[in-house]
file entry_31.pdb (PDB, C-alpha atoms and all ligand atoms)
ATOM      1  CA  MET A  41       0.887   2.726 -85.778
ATOM      2  CA  ASN A  42      -1.013   1.681 -82.635
ATOM      3  CA  LYS A  43      -4.706   2.701 -82.824
ATOM      4  CA  THR A  44      -5.955   3.017 -79.258
ATOM      5  CA  ALA A  45      -8.539   5.578 -78.178
ATOM      6  CA  LEU A  46      -9.437   6.797 -74.718
ATOM      7  CA  ILE A  47     -12.850   8.450 -74.735
ATOM      8  CA  THR A  48     -14.010  10.047 -71.514
ATOM      9  CA  GLY A  49     -17.725   9.774 -70.770
ATOM     10  CA  SER A  50     -18.288   7.069 -73.373
ATOM     11  CA  SER A  51     -20.929   5.003 -71.570
ATOM     12  CA  ARG A  52     -23.743   7.125 -73.026
ATOM     13  CA  GLY A  53     -24.640   9.820 -75.547
ATOM     14  CA  ILE A  54     -22.001  11.439 -77.740
ATOM     15  CA  GLY A  55     -19.097   9.552 -76.157
ATOM     16  CA  ARG A  56     -20.823   6.210 -76.749
ATOM     17  CA  ALA A  57     -21.395   7.022 -80.436
ATOM     18  CA  CYS A  58     -17.736   8.078 -80.743
ATOM     19  CA  ALA A  59     -16.601   4.797 -79.172
ATOM     20  CA  LEU A  60     -18.611   2.728 -81.650
ATOM     21  CA  GLN A  61     -17.568   4.805 -84.669
ATOM     22  CA  LEU A  62     -13.887   4.683 -83.708
ATOM     23  CA  ALA A  63     -14.143   0.913 -83.246
ATOM     24  CA  ARG A  64     -15.505   0.750 -86.810
ATOM     25  CA  ASP A  65     -12.467   2.851 -87.797
ATOM     26  CA  GLY A  66     -10.186   0.176 -86.333
ATOM     27  CA  TYR A  67      -9.467   1.574 -82.860
ATOM     28  CA  ASP A  68      -9.291  -0.386 -79.650
ATOM     29  CA  VAL A  69     -11.177   1.667 -77.078
ATOM     30  CA  CYS A  70     -10.993   2.467 -73.386
ATOM     31  CA  VAL A  71     -14.594   3.250 -72.419
ATOM     32  CA  ASN A  72     -14.811   5.603 -69.431
ATOM     33  CA  TYR A  73     -17.791   6.123 -67.146
ATOM     34  CA  VAL A  74     -18.456   7.454 -63.670
ATOM     35  CA  GLU A  75     -21.774   5.862 -62.621
ATOM     36  CA  ARG A  76     -23.393   3.791 -65.349
ATOM     37  CA  GLU A  77     -21.263   0.651 -65.356
ATOM     38  CA  ASP A  78     -24.120  -1.204 -67.062
ATOM     39  CA  CYS A  79     -24.063   1.206 -70.014
ATOM     40  CA  ALA A  80     -20.252   1.116 -70.215
ATOM     41  CA  ASN A  81     -20.268  -2.689 -70.324
ATOM     42  CA  GLU A  82     -22.860  -2.633 -73.098
ATOM     43  CA  VAL A  83     -20.572  -0.336 -75.149
ATOM     44  CA  VAL A  84     -17.620  -2.651 -74.509
ATOM     45  CA  ASP A  85     -19.649  -5.663 -75.729
ATOM     46  CA  ALA A  86     -20.688  -3.751 -78.867
ATOM     47  CA  ILE A  87     -17.068  -2.814 -79.616
ATOM     48  CA  ARG A  88     -15.903  -6.404 -79.141
ATOM     49  CA  ALA A  89     -18.684  -7.536 -81.497
ATOM     50  CA  LEU A  90     -17.116  -5.202 -84.071
ATOM     51  CA  GLY A  91     -13.839  -7.100 -83.679
ATOM     52  CA  GLN A  92     -11.902  -4.527 -81.640
ATOM     53  CA  ARG A  93     -10.579  -4.717 -78.102
ATOM     54  CA  ALA A  94     -12.249  -2.663 -75.369
ATOM     55  CA  ILE A  95     -12.253  -2.194 -71.618
ATOM     56  CA  ALA A  96     -14.532  -0.184 -69.342
ATOM     57  CA  VAL A  97     -12.866   1.890 -66.628
ATOM     58  CA  ARG A  98     -14.596   3.874 -63.929
ATOM     59  CA  ALA A  99     -12.960   7.245 -63.271
ATOM     60  CA  ASP A 100     -14.359  10.612 -62.308
ATOM     61  CA  VAL A 101     -12.386  12.856 -64.664
ATOM     62  CA  SER A 102     -12.238  15.580 -62.023
ATOM     63  CA  ASP A 103     -10.107  13.205 -59.917
ATOM     64  CA  ARG A 104      -6.515  13.383 -61.158
ATOM     65  CA  ALA A 105      -5.385  10.158 -59.462
ATOM     66  CA  ALA A 106      -8.338   8.207 -60.886
ATOM     67  CA  VAL A 107      -7.605   9.516 -64.394
ATOM     68  CA  ASN A 108      -3.937   8.557 -64.105
ATOM     69  CA  GLU A 109      -4.926   5.051 -62.988
ATOM     70  CA  MET A 110      -7.360   4.760 -65.901
ATOM     71  CA  ALA A 111      -4.711   5.831 -68.429
ATOM     72  CA  ALA A 112      -2.202   3.378 -66.955
ATOM     73  CA  ARG A 113      -4.713   0.521 -67.149
ATOM     74  CA  ALA A 114      -5.662   1.421 -70.713
ATOM     75  CA  LYS A 115      -1.999   1.428 -71.727
ATOM     76  CA  GLN A 116      -1.338  -1.886 -70.015
ATOM     77  CA  GLU A 117      -4.338  -3.649 -71.540
ATOM     78  CA  LEU A 118      -4.678  -1.954 -74.940
ATOM     79  CA  GLY A 119      -1.353  -0.236 -75.678
ATOM     80  CA  SER A 120      -0.407   3.418 -75.503
ATOM     81  CA  ILE A 121      -3.152   5.922 -76.295
ATOM     82  CA  SER A 122      -2.893   7.458 -79.767
ATOM     83  CA  LEU A 123      -6.254   9.249 -79.673
ATOM     84  CA  LEU A 124      -7.867  11.061 -76.759
ATOM     85  CA  VAL A 125     -11.444  12.277 -76.993
ATOM     86  CA  SER A 126     -12.061  14.493 -73.983
ATOM     87  CA  ASN A 127     -15.841  14.337 -73.968
ATOM     88  CA  ALA A 128     -17.105  13.851 -70.392
ATOM     89  CA  GLY A 129     -19.117  16.852 -69.336
ATOM     90  CA  ILE A 130     -21.975  18.055 -67.187
ATOM     91  CA  ALA A 131     -24.553  20.761 -67.893
ATOM     92  CA  GLY A 132     -27.466  22.439 -66.208
ATOM     93  CA  GLN A 133     -29.400  25.650 -66.074
ATOM     94  CA  SER A 134     -29.397  28.282 -63.363
ATOM     95  CA  LEU A 135     -29.636  32.048 -63.094
ATOM     96  CA  PHE A 136     -26.111  33.356 -62.560
ATOM     97  CA  GLN A 137     -27.071  34.918 -59.235
ATOM     98  CA  ASP A 138     -28.073  31.468 -57.982
ATOM     99  CA  VAL A 139     -24.856  29.716 -59.022
ATOM    100  CA  SER A 140     -23.208  28.353 -55.880
ATOM    101  CA  GLU A 141     -19.476  28.097 -55.444
ATOM    102  CA  ALA A 142     -19.879  24.311 -55.251
ATOM    103  CA  MET A 143     -21.681  24.221 -58.598
ATOM    104  CA  TRP A 144     -19.107  26.511 -60.265
ATOM    105  CA  LYS A 145     -16.247  24.354 -58.972
ATOM    106  CA  ARG A 146     -17.929  21.085 -59.950
ATOM    107  CA  TYR A 147     -18.578  22.252 -63.528
ATOM    108  CA  PHE A 148     -14.992  23.447 -63.927
ATOM    109  CA  GLY A 149     -13.774  20.289 -62.155
ATOM    110  CA  VAL A 150     -15.448  17.959 -64.662
ATOM    111  CA  ASN A 151     -15.512  20.012 -67.872
ATOM    112  CA  VAL A 152     -12.120  21.763 -67.674
ATOM    113  CA  ASP A 153      -9.981  20.007 -65.044
ATOM    114  CA  GLY A 154     -11.200  16.739 -66.597
ATOM    115  CA  ALA A 155      -9.568  17.716 -69.902
ATOM    116  CA  PHE A 156      -6.434  18.925 -68.077
ATOM    117  CA  HIS A 157      -6.104  15.621 -66.244
ATOM    118  CA  THR A 158      -6.760  13.368 -69.241
ATOM    119  CA  VAL A 159      -4.522  15.254 -71.652
ATOM    120  CA  GLN A 160      -1.654  15.191 -69.163
ATOM    121  CA  ALA A 161      -2.250  11.497 -68.445
ATOM    122  CA  VAL A 162      -1.750  10.498 -72.110
ATOM    123  CA  LEU A 163       0.610  13.209 -73.315
ATOM    124  CA  GLY A 164       3.877  11.644 -72.123
ATOM    125  CA  ASP A 165       3.489   8.697 -74.500
ATOM    126  CA  MET A 166       2.299  10.899 -77.372
ATOM    127  CA  LEU A 167       5.349  13.144 -76.951
ATOM    128  CA  HIS A 168       7.591  10.098 -76.787
ATOM    129  CA  GLU A 169       6.107   8.711 -80.020
ATOM    130  CA  LYS A 170       5.892  12.153 -81.662
ATOM    131  CA  HIS A 171       2.411  11.175 -82.748
ATOM    132  CA  GLY A 172      -1.085  11.615 -81.369
ATOM    133  CA  CYS A 173      -4.440  13.253 -81.710
ATOM    134  CA  ILE A 174      -6.480  15.092 -79.099
ATOM    135  CA  ILE A 175     -10.116  16.057 -79.639
ATOM    136  CA  THR A 176     -12.053  18.037 -77.068
ATOM    137  CA  ILE A 177     -15.827  18.336 -77.038
ATOM    138  CA  SER A 178     -16.873  21.899 -76.338
ATOM    139  CA  SER A 179     -20.270  23.361 -77.291
ATOM    140  CA  ILE A 180     -21.801  26.134 -79.358
ATOM    141  CA  TRP A 181     -22.282  27.758 -75.922
ATOM    142  CA  GLY A 182     -18.510  28.046 -75.691
ATOM    143  CA  LEU A 183     -18.660  30.231 -78.787
ATOM    144  CA  ARG A 184     -21.863  32.149 -78.051
ATOM    145  CA  GLY A 185     -23.508  33.491 -74.923
ATOM    146  CA  ALA A 186     -26.073  31.288 -73.215
ATOM    147  CA  SER A 187     -28.553  32.814 -70.782
ATOM    148  CA  CYS A 188     -28.926  30.701 -67.610
ATOM    149  CA  GLU A 189     -25.893  28.638 -68.639
ATOM    150  CA  VAL A 190     -23.096  31.051 -67.706
ATOM    151  CA  THR A 191     -21.104  28.423 -65.818
ATOM    152  CA  TYR A 192     -21.408  25.778 -68.531
ATOM    153  CA  SER A 193     -20.632  28.338 -71.225
ATOM    154  CA  ALA A 194     -17.526  29.534 -69.334
ATOM    155  CA  THR A 195     -16.212  25.961 -69.075
ATOM    156  CA  LYS A 196     -16.804  25.334 -72.770
ATOM    157  CA  GLY A 197     -15.078  28.586 -73.741
ATOM    158  CA  ALA A 198     -12.120  27.566 -71.592
ATOM    159  CA  LEU A 199     -11.928  24.239 -73.445
ATOM    160  CA  ILE A 200     -11.696  26.048 -76.777
ATOM    161  CA  ALA A 201      -8.818  28.238 -75.550
ATOM    162  CA  LEU A 202      -7.131  25.196 -74.021
ATOM    163  CA  THR A 203      -7.370  23.269 -77.291
ATOM    164  CA  ARG A 204      -6.099  26.089 -79.514
ATOM    165  CA  SER A 205      -3.099  26.739 -77.260
ATOM    166  CA  LEU A 206      -2.348  23.017 -76.945
ATOM    167  CA  ALA A 207      -2.409  22.766 -80.743
ATOM    168  CA  MET A 208       0.260  25.462 -81.013
ATOM    169  CA  GLU A 209       2.413  23.928 -78.305
ATOM    170  CA  LEU A 210       2.142  20.324 -79.548
ATOM    171  CA  ALA A 211       2.284  20.774 -83.325
ATOM    172  CA  PRO A 212       6.107  20.624 -83.433
ATOM    173  CA  SER A 213       5.830  17.246 -81.656
ATOM    174  CA  GLY A 214       3.518  15.823 -84.332
ATOM    175  CA  ILE A 215       0.431  15.950 -82.118
ATOM    176  CA  ARG A 216      -2.788  17.563 -83.373
ATOM    177  CA  ALA A 217      -5.447  19.058 -81.099
ATOM    178  CA  ASN A 218      -8.894  20.050 -82.338
ATOM    179  CA  CYS A 219     -12.230  20.850 -80.805
ATOM    180  CA  ILE A 220     -15.814  20.097 -81.774
ATOM    181  CA  ALA A 221     -18.607  22.471 -80.824
ATOM    182  CA  PRO A 222     -21.860  20.510 -81.020
ATOM    183  CA  GLY A 223     -25.238  22.192 -81.240
ATOM    184  CA  VAL A 224     -28.284  20.609 -79.652
ATOM    185  CA  ILE A 225     -27.719  16.859 -79.732
ATOM    186  CA  LYS A 226     -30.393  14.373 -78.689
ATOM    187  CA  THR A 227     -28.925  12.689 -75.608
ATOM    188  CA  ASP A 228     -29.866  12.260 -71.941
ATOM    189  CA  MET A 229     -28.208  15.659 -71.318
ATOM    190  CA  VAL A 230     -30.873  17.544 -73.281
ATOM    191  CA  ASP A 231     -33.780  15.130 -72.743
ATOM    192  CA  VAL A 232     -34.309  16.852 -69.374
ATOM    193  CA  LEU A 233     -35.468  19.930 -71.316
ATOM    194  CA  GLY A 234     -38.703  18.140 -72.287
ATOM    195  CA  GLU A 235     -40.377  17.331 -75.604
ATOM    196  CA  GLU A 236     -41.836  20.792 -76.221
ATOM    197  CA  THR A 237     -38.551  22.690 -75.767
ATOM    198  CA  LEU A 238     -36.722  20.132 -77.900
ATOM    199  CA  ALA A 239     -39.305  20.543 -80.677
ATOM    200  CA  ASP A 240     -38.802  24.339 -80.487
ATOM    201  CA  LEU A 241     -35.025  23.899 -80.681
ATOM    202  CA  ALA A 242     -35.379  21.631 -83.720
ATOM    203  CA  GLU A 243     -37.550  24.275 -85.367
ATOM    204  CA  GLN A 244     -34.956  26.991 -84.651
ATOM    205  CA  THR A 245     -32.281  24.847 -86.328
ATOM    206  CA  PRO A 246     -31.863  25.785 -90.025
ATOM    207  CA  LEU A 247     -31.458  22.110 -91.000
ATOM    208  CA  GLY A 248     -34.748  21.447 -89.201
ATOM    209  CA  ARG A 249     -33.746  18.747 -86.752
ATOM    210  CA  LEU A 250     -31.763  18.091 -83.610
ATOM    211  CA  GLY A 251     -28.329  16.548 -83.976
ATOM    212  CA  THR A 252     -27.680  12.896 -83.233
ATOM    213  CA  PRO A 253     -24.709  11.515 -81.277
ATOM    214  CA  GLU A 254     -23.620   9.933 -84.577
ATOM    215  CA  ASP A 255     -23.389  13.399 -86.203
ATOM    216  CA  ILE A 256     -20.701  14.275 -83.666
ATOM    217  CA  ALA A 257     -19.041  10.865 -83.897
ATOM    218  CA  HIS A 258     -18.616  11.373 -87.655
ATOM    219  CA  ALA A 259     -16.869  14.710 -87.020
ATOM    220  CA  VAL A 260     -14.599  13.025 -84.448
ATOM    221  CA  SER A 261     -13.854  10.210 -86.889
ATOM    222  CA  PHE A 262     -12.831  12.742 -89.547
ATOM    223  CA  LEU A 263     -10.647  14.839 -87.235
ATOM    224  CA  ALA A 264      -8.934  11.690 -85.962
ATOM    225  CA  SER A 265      -8.226  10.413 -89.479
ATOM    226  CA  GLU A 266      -5.309  10.934 -91.838
ATOM    227  CA  ARG A 267      -7.708  12.976 -93.986
ATOM    228  CA  ALA A 268      -7.401  15.683 -91.299
ATOM    229  CA  SER A 269      -3.616  15.428 -90.958
ATOM    230  CA  PHE A 270      -3.124  19.133 -91.837
ATOM    231  CA  ILE A 271      -5.862  20.334 -89.468
ATOM    232  CA  THR A 272      -4.990  21.453 -85.953
ATOM    233  CA  GLY A 273      -6.220  24.074 -83.499
ATOM    234  CA  GLN A 274      -9.651  24.250 -85.130
ATOM    235  CA  VAL A 275     -13.131  24.413 -83.692
ATOM    236  CA  LEU A 276     -15.503  22.415 -85.867
ATOM    237  CA  THR A 277     -19.114  23.380 -85.241
ATOM    238  CA  SER A 278     -21.681  20.653 -85.891
ATOM    239  CA  ASP A 279     -25.041  22.253 -85.143
ATOM    240  CA  GLY A 280     -27.274  22.163 -88.224
ATOM    241  CA  GLY A 281     -26.629  25.888 -88.663
ATOM    242  CA  PHE A 282     -27.986  26.830 -85.208
ATOM    243  CA  ILE A 283     -25.514  29.668 -84.542
ATOM    244  CA  LEU A 284     -25.064  30.946 -88.085
TER
HETATM  245  P1  LIG B   1     -24.708  12.673 -71.480
HETATM  246  O1  LIG B   1     -25.681  11.987 -72.382
HETATM  247  O2  LIG B   1     -25.184  13.317 -70.234
HETATM  248  O3  LIG B   1     -23.523  11.643 -71.138
HETATM  249  C1  LIG B   1     -22.512  12.074 -70.287
HETATM  250  C2  LIG B   1     -21.379  11.073 -70.276
HETATM  251  O4  LIG B   1     -20.321  11.624 -69.488
HETATM  252  C3  LIG B   1     -21.769   9.767 -69.630
HETATM  253  O5  LIG B   1     -21.035   8.733 -70.249
HETATM  254  C4  LIG B   1     -21.316   9.961 -68.180
HETATM  255  O6  LIG B   1     -21.000   8.747 -67.509
HETATM  256  C5  LIG B   1     -20.054  10.761 -68.394
HETATM  257  N1  LIG B   1     -19.652  11.579 -67.242
HETATM  258  C6  LIG B   1     -20.353  12.537 -66.612
HETATM  259  N2  LIG B   1     -19.630  13.061 -65.601
HETATM  260  C7  LIG B   1     -18.441  12.408 -65.601
HETATM  261  C8  LIG B   1     -17.281  12.462 -64.799
HETATM  262  N3  LIG B   1     -17.199  13.319 -63.757
HETATM  263  N4  LIG B   1     -16.246  11.645 -65.088
HETATM  264  C9  LIG B   1     -16.330  10.766 -66.116
HETATM  265  N5  LIG B   1     -17.410  10.653 -66.911
HETATM  266  C10 LIG B   1     -18.447  11.462 -66.646
HETATM  267  O7  LIG B   1     -23.946  13.834 -72.266
HETATM  268  P2  LIG B   1     -23.762  14.105 -73.835
HETATM  269  O8  LIG B   1     -24.924  14.900 -74.312
HETATM  270  O9  LIG B   1     -23.376  12.860 -74.537
HETATM  271  O10 LIG B   1     -22.522  15.128 -73.765
HETATM  272  C11 LIG B   1     -21.189  14.723 -74.000
HETATM  273  C12 LIG B   1     -20.334  15.972 -74.143
HETATM  274  O11 LIG B   1     -20.850  16.768 -75.222
HETATM  275  C13 LIG B   1     -20.343  16.877 -72.919
HETATM  276  O12 LIG B   1     -19.062  17.447 -72.735
HETATM  277  C14 LIG B   1     -21.335  17.961 -73.291
HETATM  278  O13 LIG B   1     -21.079  19.168 -72.610
HETATM  279  C15 LIG B   1     -21.076  18.088 -74.776
HETATM  280  N6  LIG B   1     -22.191  18.682 -75.517
HETATM  281  C16 LIG B   1     -23.412  18.089 -75.531
HETATM  282  C17 LIG B   1     -24.449  18.701 -76.234
HETATM  283  C18 LIG B   1     -25.823  18.119 -76.311
HETATM  284  O14 LIG B   1     -26.720  18.821 -76.818
HETATM  285  N7  LIG B   1     -26.063  16.898 -75.866
HETATM  286  C19 LIG B   1     -24.213  19.891 -76.915
HETATM  287  C20 LIG B   1     -22.954  20.466 -76.869
HETATM  288  C21 LIG B   1     -21.939  19.835 -76.173
HETATM  289  P3  LIG B   1     -22.145   7.856 -66.726
HETATM  290  O15 LIG B   1     -22.925   7.158 -67.824
HETATM  291  O16 LIG B   1     -21.363   6.909 -65.910
HETATM  292  O17 LIG B   1     -22.984   8.807 -65.955
END

call {"tool": "encode", "arguments": {"input": "entry_31.pdb", "output": "structure tokens"}}
result
Amino acid sequence: MNKTALITGSSRGIGRACALQLARDGYDVCVNYVEREDCANEVVDAIRALGQRAIAVRADVSDRAAVNEMAARAKQELGSISLLVSNAGIAGQSLFQDVSEAMWKRYFGVNVDGAFHTVQAVLGDMLHEKHGCIITISSIWGLRGASCEVTYSATKGALIALTRSLAMELAPSGIRANCIAPGVIKTDMVDVLGEETLADLAEQTPLGRLGTPEDIAHAVSFLASERASFITGQVLTSDGGFIL
């Protein structure tokens, strides 16, 4: 069976670690980015050094036409997509009363519409082959309330509902859909919080440390594998016990 993965937002952070892990698992990878072409190219070089094929494609996941073009290019150059990791996301903090309509729409555009667009872009081939795996990256804040992150939390909750319902709808077609809810993971996204806050968050984590992008990549690798062939519609939390 063709092993080709499309991973949105894989130029940096969690997506980058997923791309490298999946290459080690034998996948050819379409690396997606929106701004950091330099980082995306570095990931592509690292994947090729591991002996797999890879391409970097710029596409803002909130742009349906751009996502469709990316999926078409990935299929043409690497073969039809058997694994989608819908990972691209944006986050930020704001009191709810200060959330502008533009901010609300942008967060939903990237975090939720992005998943809508990418799943639809690859689903036709998965349905045709009666085989495929979809993994969405939500957040513990999609499961729990997050003060000053109402918008982000709402998008991540939507992703969980989307994934569970997709799993029900697609299971008869041999396609699994699962979700990962990461805790605090050390990437550029949380580095903006500053050293002191990050140290506090590590202390609040029962396992006593922040997560690494590789922690999430290992969960993705498992859910994508045959070892998880009876698992669908689940939300796997990887957070060091943060929301226990
Ligand atoms: P990150 O370090 O900020 O990296 C974000 C990645 O997404 C980059 O590759 C970026 O591309 C890409 N991206 C951003 N907007 C995009 C768009 N509109 N279209 C396509 N790609 C886009 O983030 P991260 O921490 O790895 O987070 C990855 C996912 O995990 C997100 O969905 C996030 O919500 C979720 N998550 C993260 C944490 C955490 O603590 N870090 C916790 C829970 C969940 P460029 O390089 O081109 O900018």

call {"tool": "atom_distance", "arguments": {"input": "entry_31.pdb", "atom1": "atom CA of Val159 of chain A", "atom2": "atom CA of Ala45 of chain A"}}
result
12.3 Å

call {"tool": "atom_distance", "arguments": {"input": "entry_31.pdb", "atom1": "atom CA of Ser50 of chain A", "atom2": "atom CA of Ser193 of chain A"}}
result
21.5 Å

call {"tool": "atom_distance", "arguments": {"input": "entry_31.pdb", "atom1": "atom CA of His171 of chain A", "atom2": "atom CA of Leu124 of chain A"}}
result
11.9 Å

call {"tool": "closest_atom_pairs", "arguments": {"input": "entry_31.pdb", "of": "chain A", "to": "ligand LIG 1 (chain B)", "cutoff": "6 Å", "atoms": "all atoms listed in the file", "output": "tab-separated table"}}
result
residue	atom	partner	partner_atom	distance
A:Thr48	CA	B:LIG1	N5	5.8
A:Gly49	CA	B:LIG1	O4	3.4
A:Ser50	CA	B:LIG1	O5	4.5
A:Ser51	CA	B:LIG1	O5	4.0
A:Arg52	CA	B:LIG1	O5	4.2
A:Gly53	CA	B:LIG1	O9	3.4
A:Ile54	CA	B:LIG1	O9	3.8
A:Gly55	CA	B:LIG1	O9	5.6
A:Tyr73	CA	B:LIG1	O16	3.9
A:Val74	CA	B:LIG1	O16	3.7
A:Glu75	CA	B:LIG1	O16	3.5
A:Arg76	CA	B:LIG1	O16	3.8
A:Ala99	CA	B:LIG1	C9	5.6
A:Asp100	CA	B:LIG1	N4	3.5
A:Val101	CA	B:LIG1	N4	4.1
A:Ser102	CA	B:LIG1	N3	5.7
A:Asn127	CA	B:LIG1	O12	4.6
A:Ala128	CA	B:LIG1	O4	4.0
A:Gly129	CA	B:LIG1	O12	3.5
A:Ile130	CA	B:LIG1	O13	5.6
A:Val150	CA	B:LIG1	N3	5.0
A:Ile177	CA	B:LIG1	O12	5.5
A:Ser178	CA	B:LIG1	C21	5.5
A:Ser179	CA	B:LIG1	C20	4.0
A:Pro222	CA	B:LIG1	C20	4.3
A:Gly223	CA	B:LIG1	C19	5.0
A:Val224	CA	B:LIG1	O14	3.7
A:Ile225	CA	B:LIG1	O14	3.7
A:Lys226	CA	B:LIG1	N7	5.8
A:Thr227	CA	B:LIG1	O1	4.6
A:Asp228	CA	B:LIG1	O1	4.2
A:Met229	CA	B:LIG1	O2	4.0
A:Val230	CA	B:LIG1	N7	5.5

call {"tool": "closest_residue", "arguments": {"input": "entry_31.pdb", "among": "A:Leu233, A:Leu241, A:Ala211, A:Ala257", "to": "Ala63 of chain A", "atoms": "all atoms listed in the file"}}
result
A:Ala257

call {"tool": "closest_residue", "arguments": {"input": "entry_31.pdb", "among": "A:Ile180, A:Leu250, A:Gly154, A:Ala96", "to": "Asn81 of chain A", "atoms": "only C-alpha atoms"}}
result
A:Ala96

call {"tool": "residues_around", "arguments": {"input": "entry_31.pdb", "residues": "Arg249 of chain A", "least_positions_apart": "2", "cutoff": "12 Å", "atoms": "all atoms listed in the file", "output": "list of chain:residue names"}}
result
A:Gly223, A:Val224, A:Ile225, A:Lys226, A:Leu238, A:Ala239, A:Asp240, A:Leu241, A:Ala242, A:Glu243, A:Gln244, A:Thr245, A:Pro246, A:Leu247, A:Gly251, A:Thr252, A:Asp255, A:Asp279, A:Gly280, A:Gly281, A:Phe282

call {"tool": "residues_around", "arguments": {"input": "entry_31.pdb", "residues": "Ala161 of chain A", "least_positions_apart": "5", "cutoff": "10 Å", "atoms": "all atoms listed in the file", "output": "PyMOL selection string"}}
result
chain A and resi 104-105+107-112+121+155-156

call {"tool": "closest_residue", "arguments": {"input": "entry_31.pdb", "among": "A:Leu167, A:Cys173, A:Val190, A:Ala198", "to": "Met143 of chain A", "atoms": "all atoms listed in the file"}}
result
A:Val190

call {"tool": "residues_around", "arguments": {"input": "entry_31.pdb", "residues": "Arg88 of chain A", "least_positions_apart": "4", "cutoff": "12 Å", "atoms": "only C-alpha atoms", "output": "mmCIF file with C-alpha atoms, in the frame of the given file"}}
result
data_model
loop_
_atom_site.group_PDB
_atom_site.id
_atom_site.type_symbol
_atom_site.label_atom_id
_atom_site.label_comp_id
_atom_site.auth_asym_id
_atom_site.auth_seq_id
_atom_site.Cartn_x
_atom_site.Cartn_y
_atom_site.Cartn_z
ATOM 1 C CA ALA A 59 -16.601 4.797 -79.172
ATOM 2 C CA LEU A 60 -18.611 2.728 -81.650
ATOM 3 C CA ALA A 63 -14.143 0.913 -83.246
ATOM 4 C CA ARG A 64 -15.505 0.750 -86.810
ATOM 5 C CA GLY A 66 -10.186 0.176 -86.333
ATOM 6 C CA TYR A 67 -9.467 1.574 -82.860
ATOM 7 C CA ASP A 68 -9.291 -0.386 -79.650
ATOM 8 C CA VAL A 69 -11.177 1.667 -77.078
ATOM 9 C CA CYS A 70 -10.993 2.467 -73.386
ATOM 10 C CA VAL A 71 -14.594 3.250 -72.419
ATOM 11 C CA ASN A 81 -20.268 -2.689 -70.324
ATOM 12 C CA GLU A 82 -22.860 -2.633 -73.098
ATOM 13 C CA VAL A 83 -20.572 -0.336 -75.149
ATOM 14 C CA VAL A 84 -17.620 -2.651 -74.509
ATOM 15 C CA GLN A 92 -11.902 -4.527 -81.640
ATOM 16 C CA ARG A 93 -10.579 -4.717 -78.102
ATOM 17 C CA ALA A 94 -12.249 -2.663 -75.369
ATOM 18 C CA ILE A 95 -12.253 -2.194 -71.618
ATOM 19 C CA ALA A 96 -14.532 -0.184 -69.342
#

call {"tool": "resolve_selection", "arguments": {"input": "entry_31.pdb", "expression": "the PyMOL selection byres (((chain A and resi 270-274) around 6) and not hetatm)", "output": "PDB file with C-alpha atoms, in the frame of the given file"}}
result
ATOM      1  CA  ARG A 204      -6.099  26.089 -79.514  1.00  0.00           C
ATOM      2  CA  ALA A 207      -2.409  22.766 -80.743  1.00  0.00           C
ATOM      3  CA  ARG A 216      -2.788  17.563 -83.373  1.00  0.00           C
ATOM      4  CA  ALA A 217      -5.447  19.058 -81.099  1.00  0.00           C
ATOM      5  CA  ASN A 218      -8.894  20.050 -82.338  1.00  0.00           C
ATOM      6  CA  ALA A 268      -7.401  15.683 -91.299  1.00  0.00           C
ATOM      7  CA  SER A 269      -3.616  15.428 -90.958  1.00  0.00           C
ATOM      8  CA  VAL A 275     -13.131  24.413 -83.692  1.00  0.00           C
TER       9      VAL A 275
END

call {"tool": "closest_residue", "arguments": {"input": "entry_31.pdb", "among": "A:Ser205, A:Thr176, A:Thr195, A:Ser187", "to": "Leu263 of chain A", "atoms": "all atoms listed in the file"}}
result
A:Thr176

call {"tool": "closest_residue", "arguments": {"input": "entry_31.pdb", "among": "A:Lys170, A:Lys145, A:Lys43, A:His157", "to": "Leu62 of chain A", "atoms": "only C-alpha atoms"}}
result
A:Lys43

call {"tool": "closest_residue", "arguments": {"input": "entry_31.pdb", "among": "A:Ile200, A:Val139, A:Trp181, A:Ile47", "to": "Ala114 of chain A", "atoms": "all atoms listed in the file"}}
result
A:Ile47

call {"tool": "residues_around", "arguments": {"input": "entry_31.pdb", "residues": "Gly172 of chain A", "least_positions_apart": "4", "cutoff": "6 Å", "atoms": "all atoms listed in the file", "output": "list in words"}}
result
Ser122, Leu123, Met166 and Ile215 of chain A

call {"tool": "axis_aligned_box", "arguments": {"input": "entry_31.pdb", "around": "segment 209-228 of chain A", "padding_each_side": "6 Å", "output": "lines of an AutoDock Vina configuration file"}}
result
center_x = -12.1
center_y = 18.1
center_z = -78.1
size_x = 48.5
size_y = 23.7
size_z = 24.4

call {"tool": "residues_around", "arguments": {"input": "entry_31.pdb", "residues": "Leu135 of chain A", "least_positions_apart": "5", "cutoff": "12 Å", "atoms": "only C-alpha atoms", "output": "list in words"}}
result
Ser140, Ala186, Ser187, Cys188, Glu189, Val190, Thr191 and Tyr192 of chain A

call {"tool": "write_last_selection", "arguments": {"input": "entry_31.pdb", "atoms": "C-alpha atoms", "output": "PDB file, in the frame of the given file"}}
result
ATOM      1  CA  SER A 140     -23.208  28.353 -55.880  1.00  0.00           C
ATOM      2  CA  ALA A 186     -26.073  31.288 -73.215  1.00  0.00           C
ATOM      3  CA  SER A 187     -28.553  32.814 -70.782  1.00  0.00           C
ATOM      4  CA  CYS A 188     -28.926  30.701 -67.610  1.00  0.00           C
ATOM      5  CA  GLU A 189     -25.893  28.638 -68.639  1.00  0.00           C
ATOM      6  CA  VAL A 190     -23.096  31.051 -67.706  1.00  0.00           C
ATOM      7  CA  THR A 191     -21.104  28.423 -65.818  1.00  0.00           C
ATOM      8  CA  TYR A 192     -21.408  25.778 -68.531  1.00  0.00           C
TER       9      TYR A 192
END
